[in-house]
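Chemist: data.cif (mmCIF, C-alpha atoms) pasted underneath:
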data_data
loop_
_atom_site.label_atom_id
_atom_site.label_comp_id
_atom_site.auth_asym_id
_atom_site.auth_seq_id
_atom_site.Cartn_x
_atom_site.Cartn_y
_atom_site.Cartn_z
CA GLU A 279 8.64 -48.49 -23.08
CA SER A 280 9.78 -46.66 -20.01
CA VAL A 281 8.53 -43.39 -21.47
CA PRO A 282 4.81 -44.41 -21.55
CA CYS A 283 5.07 -45.64 -17.97
CA ARG A 284 6.72 -42.38 -16.97
CA ASN A 285 4.03 -40.40 -18.80
CA GLU A 286 1.23 -42.40 -17.16
CA CYS A 287 2.76 -41.87 -13.71
CA LEU A 288 3.11 -38.16 -14.33
CA GLU A 289 -0.43 -37.87 -15.62
CA GLN A 290 -1.72 -39.71 -12.54
CA HIS A 291 -0.15 -36.99 -10.40
CA GLY A 292 -1.76 -34.23 -12.42
CA VAL A 293 1.29 -33.26 -14.48
CA MET A 294 0.54 -32.95 -18.17
CA VAL A 295 3.21 -34.51 -20.35
CA GLY A 296 3.06 -31.64 -22.82
CA GLU A 297 3.95 -29.21 -20.03
CA LEU A 298 7.21 -31.03 -19.39
CA ARG A 299 8.26 -30.67 -23.01
CA GLN A 300 7.73 -26.94 -23.04
CA GLU A 301 10.97 -25.17 -22.46
CA PRO A 302 11.03 -21.85 -20.67
CA PRO A 303 11.57 -18.84 -22.88
CA PRO A 304 15.18 -17.84 -23.37
CA ARG A 305 16.68 -15.95 -20.46
CA SER A 306 16.99 -12.82 -22.53
CA THR A 307 13.22 -12.82 -23.17
CA LEU A 308 12.58 -13.14 -19.42
CA GLU A 309 14.99 -10.31 -18.71
CA THR A 310 13.36 -8.18 -21.40
CA ARG A 311 9.91 -8.80 -19.88
CA GLY A 312 11.26 -8.00 -16.41
CA ARG A 313 12.83 -4.77 -17.59
CA LYS A 314 9.59 -3.83 -19.35
CA LEU A 315 7.64 -4.42 -16.13
CA LEU A 316 10.21 -2.40 -14.20
CA SER A 317 9.89 0.45 -16.69
CA GLU A 318 6.09 0.34 -16.40
CA ALA A 319 6.41 0.39 -12.61
CA ARG A 320 8.73 3.42 -12.76
CA ASP A 321 6.24 5.21 -15.03
CA ALA A 322 3.44 4.40 -12.58
CA GLU A 323 5.65 5.74 -9.74
CA LYS A 324 6.13 9.04 -11.59
CA LYS A 325 2.39 9.29 -12.21
CA LEU A 326 1.68 8.63 -8.53
CA LEU A 327 4.27 11.13 -7.30
CA THR A 328 2.94 13.80 -9.67
CA ALA A 329 -0.62 13.19 -8.48
CA ALA A 330 0.51 13.17 -4.84
CA LYS A 331 1.74 16.76 -5.12
CA ALA A 332 -1.74 18.02 -5.97
CA LEU A 333 -4.15 15.53 -4.46
CA ARG A 334 -5.09 13.91 -1.18
CA PRO A 335 -4.55 10.14 -0.88
CA THR A 336 -8.31 9.63 -0.86
CA ASP A 337 -8.95 11.37 -4.20
CA GLU A 338 -10.07 9.04 -6.99
CA LYS A 339 -7.11 9.87 -9.24
CA MET A 340 -4.69 9.06 -6.41
CA VAL A 341 -6.49 5.83 -5.60
CA ARG A 342 -6.26 4.73 -9.25
CA ALA A 343 -2.58 5.70 -9.52
CA THR A 344 -1.81 3.83 -6.29
CA ALA A 345 -3.68 0.74 -7.49
CA GLU A 346 -1.84 0.82 -10.82
CA LEU A 347 1.54 1.05 -9.10
CA ARG A 348 0.62 -1.71 -6.67
CA GLU A 349 -0.37 -3.98 -9.59
CA ARG A 350 2.87 -3.27 -11.48
CA TYR A 351 4.96 -4.01 -8.40
CA HIS A 352 2.93 -7.14 -7.65
CA GLU A 353 3.46 -8.47 -11.15
CA LEU A 354 7.16 -7.63 -11.07
CA ILE A 355 7.74 -9.29 -7.70
CA LEU A 356 5.87 -12.46 -8.65
CA GLU A 357 7.34 -12.87 -12.13
CA HIS A 358 10.85 -11.47 -11.67
CA TYR A 359 11.71 -11.63 -8.00
CA GLU A 360 15.49 -11.39 -8.44
CA LEU A 361 15.22 -8.23 -10.53
CA ALA A 362 12.65 -6.79 -8.13
CA PHE A 363 14.94 -7.56 -5.19
CA ARG A 364 17.96 -5.93 -6.87
CA LYS A 365 15.95 -2.81 -7.67
CA GLY A 366 14.40 -2.46 -4.20
CA VAL A 367 10.83 -2.90 -5.42
CA GLU A 368 9.55 -4.24 -2.09
CA ARG A 369 10.72 -1.12 -0.25
CA SER A 370 9.24 1.15 -2.92
CA LEU A 371 5.98 -0.79 -2.74
CA TRP A 372 5.85 -0.31 1.02
CA MET A 373 6.83 3.38 1.01
CA LEU A 374 4.78 4.60 -1.95
CA VAL A 375 1.70 2.42 -1.78
CA PHE A 376 1.16 1.69 1.89
CA HIS A 377 3.29 3.90 4.16
CA ARG A 378 2.19 7.15 2.52
CA ARG A 379 -1.48 6.31 2.99
CA ILE A 380 -0.92 5.12 6.56
CA GLU A 381 0.83 8.40 7.39
CA HIS A 382 -2.04 10.37 5.84
CA PHE A 383 -4.56 8.65 8.09
CA ARG A 384 -2.31 8.92 11.15
CA ALA A 385 -2.09 12.68 10.61
CA LYS A 386 -5.86 12.86 10.15
CA ILE A 387 -6.41 10.93 13.40
CA ARG A 388 -3.95 13.17 15.31
CA LYS A 389 -5.77 16.25 14.00
CA GLN A 390 -9.16 14.87 15.06
CA GLN A 391 -7.77 13.94 18.47
CA ALA A 392 -6.45 17.50 18.92
CA VAL A 393 -9.86 18.91 17.99
CA ALA A 394 -11.56 16.50 20.38
CA GLN A 395 -9.14 17.47 23.14
CA GLU A 396 -9.81 21.18 22.55
CA VAL A 397 -13.55 20.56 22.67
CA THR A 398 -13.13 18.53 25.86
CA GLN A 399 -10.96 21.26 27.38
CA ALA A 400 -13.52 23.88 26.37
CA ARG A 401 -16.29 21.85 28.05
CA VAL A 402 -14.18 21.48 31.20
CA ALA A 403 -13.44 25.21 31.15
CA LYS A 404 -17.15 26.03 30.75
CA ASP A 405 -17.98 23.70 33.63
CA SER A 406 -15.32 25.38 35.76
CA VAL A 407 -16.70 28.81 34.91
CA ARG A 408 -20.24 27.67 35.78
CA ARG A 409 -19.08 26.22 39.10
CA ALA A 410 -17.09 29.34 39.94
CA THR A 411 -20.05 31.54 39.01
CA ALA A 412 -22.39 29.45 41.17
CA GLU A 413 -19.95 29.58 44.09
CA LEU A 414 -19.57 33.35 43.68
CA GLY A 415 -23.35 33.69 43.62
CA GLN A 416 -23.56 31.64 46.81
CA VAL A 417 -20.90 33.79 48.51
CA LEU A 418 -22.71 36.96 47.43
CA SER A 419 -26.08 35.64 48.64
CA GLU A 420 -24.50 34.81 52.00
CA ALA A 421 -23.01 38.29 52.19
CA THR A 422 -26.34 40.04 51.70
#
Using structure tokens, write down the structure from this file.
Modeler:
Amino acid sequence: ESVPCRNECLEQHGVMVGELRQEPPPRSTLETRGRKLLSEARDAEKKLLTAAKALRPTDEKMVRATAELRERYHELILEHYELAFRKGVERSLWMLVFHRRIEHFRAKIRKQQAVAQEVTQARVAKDSVRRATAELGQVLSEAT
């Protein structure tokens, strides 16, 4: 009789009784799934690194390869955190998915800043030349 009471209490708190009876898959099945996910992630890494040699981070093929790798890592971390931790998945996720793209855009910004600085310096130089020319013209007009 204590079982129905227990079941009613559990159901009142939103826990389905059938869920409690389900046993987790054997550990070996979990490990097999984790290793499969890790293998898929490593394959996605290779695909990304191969694409990275030939493409910019903004190319569609690179974006897809990065998204695929991010999804594999995400799944691995959420489902098999211990394995992911042992294999350094978080660091790989950061370096390959995010850091690489951040560095690409940092380099792009530095390049644009250098161009802007050159343009600014060119404008300043032109202004200096104009002022010097005007001053020279004034000196010459005073001399004549």
Chemist: Between atom CA of Met340 of chain A and atom CA of Lys389 of chain A, measure the distance and give it in Å to one decimal.
Modeler: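 One can read the atom CA of Met340 of chain A to atom CA of Lys389 of chain A distance as 21.7 Å.
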Chemist: Could you tell me how far atom CA of Leu374 of chain A sits from atom CA of Leu316 of chain A, in Å to one decimal place?
Modeler: 15.1 Å
Chemist: Contacts of Gly312 of chain A at 8 Å or less, counting all atoms listed in the file, minus same-chain residues fewer than 6 places along, as a list in words?
Modeler: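 Residues near the query, excluding close chain neighbours: Leu354, Glu357, His358 and Leu361 of chain A.
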Chemist: Tell me which protein, DNA and RNA residues are within 12 Å of Arg334 of chain A, counting only C-alpha atoms, leaving out same-chain ones fewer than 2 positions away, and put them as a short mmCIF file (atom, residue, chain, number, x, y, z; two decimals) with C-alpha atoms, keeping the file's coordinate frame.
Modeler:
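This is the output file part25.cif:
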data_model
loop_
_atom_site.label_atom_id
_atom_site.label_comp_id
_atom_site.auth_asym_id
_atom_site.auth_seq_id
_atom_site.Cartn_x
_atom_site.Cartn_y
_atom_site.Cartn_z
CA LEU A 326 1.68 8.63 -8.53
CA LEU A 327 4.27 11.13 -7.30
CA THR A 328 2.94 13.80 -9.67
CA ALA A 329 -0.62 13.19 -8.48
CA ALA A 330 0.51 13.17 -4.84
CA LYS A 331 1.74 16.76 -5.12
CA ALA A 332 -1.74 18.02 -5.97
CA THR A 336 -8.31 9.63 -0.86
CA ASP A 337 -8.95 11.37 -4.20
CA GLU A 338 -10.07 9.04 -6.99
CA LYS A 339 -7.11 9.87 -9.24
CA MET A 340 -4.69 9.06 -6.41
CA VAL A 341 -6.49 5.83 -5.60
CA ALA A 343 -2.58 5.70 -9.52
CA THR A 344 -1.81 3.83 -6.29
CA ARG A 378 2.19 7.15 2.52
CA ARG A 379 -1.48 6.31 2.99
CA GLU A 381 0.83 8.40 7.39
CA HIS A 382 -2.04 10.37 5.84
CA PHE A 383 -4.56 8.65 8.09
CA LYS A 386 -5.86 12.86 10.15
#
Chemist: So how far away is atom CA of Glu309 of chain A from atom CA of Arg342 of chain A, in Å?
Modeler: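 Straight-line distance from atom CA of Arg342 of chain A to atom CA of Glu309 of chain A works out to 27.7 Å.
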Chemist: Kindly indicate which residue among A:Val375, A:Val393, A:Ala362, A:Leu308 lies nearest to Ala322 of chain A, using all atoms listed in the file for the distances.
Modeler: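 Of A:Val375, A:Val393, A:Ala362, A:Leu308, the one nearest Ala322 of chain A is A:Val375, counting all atoms listed in the file.
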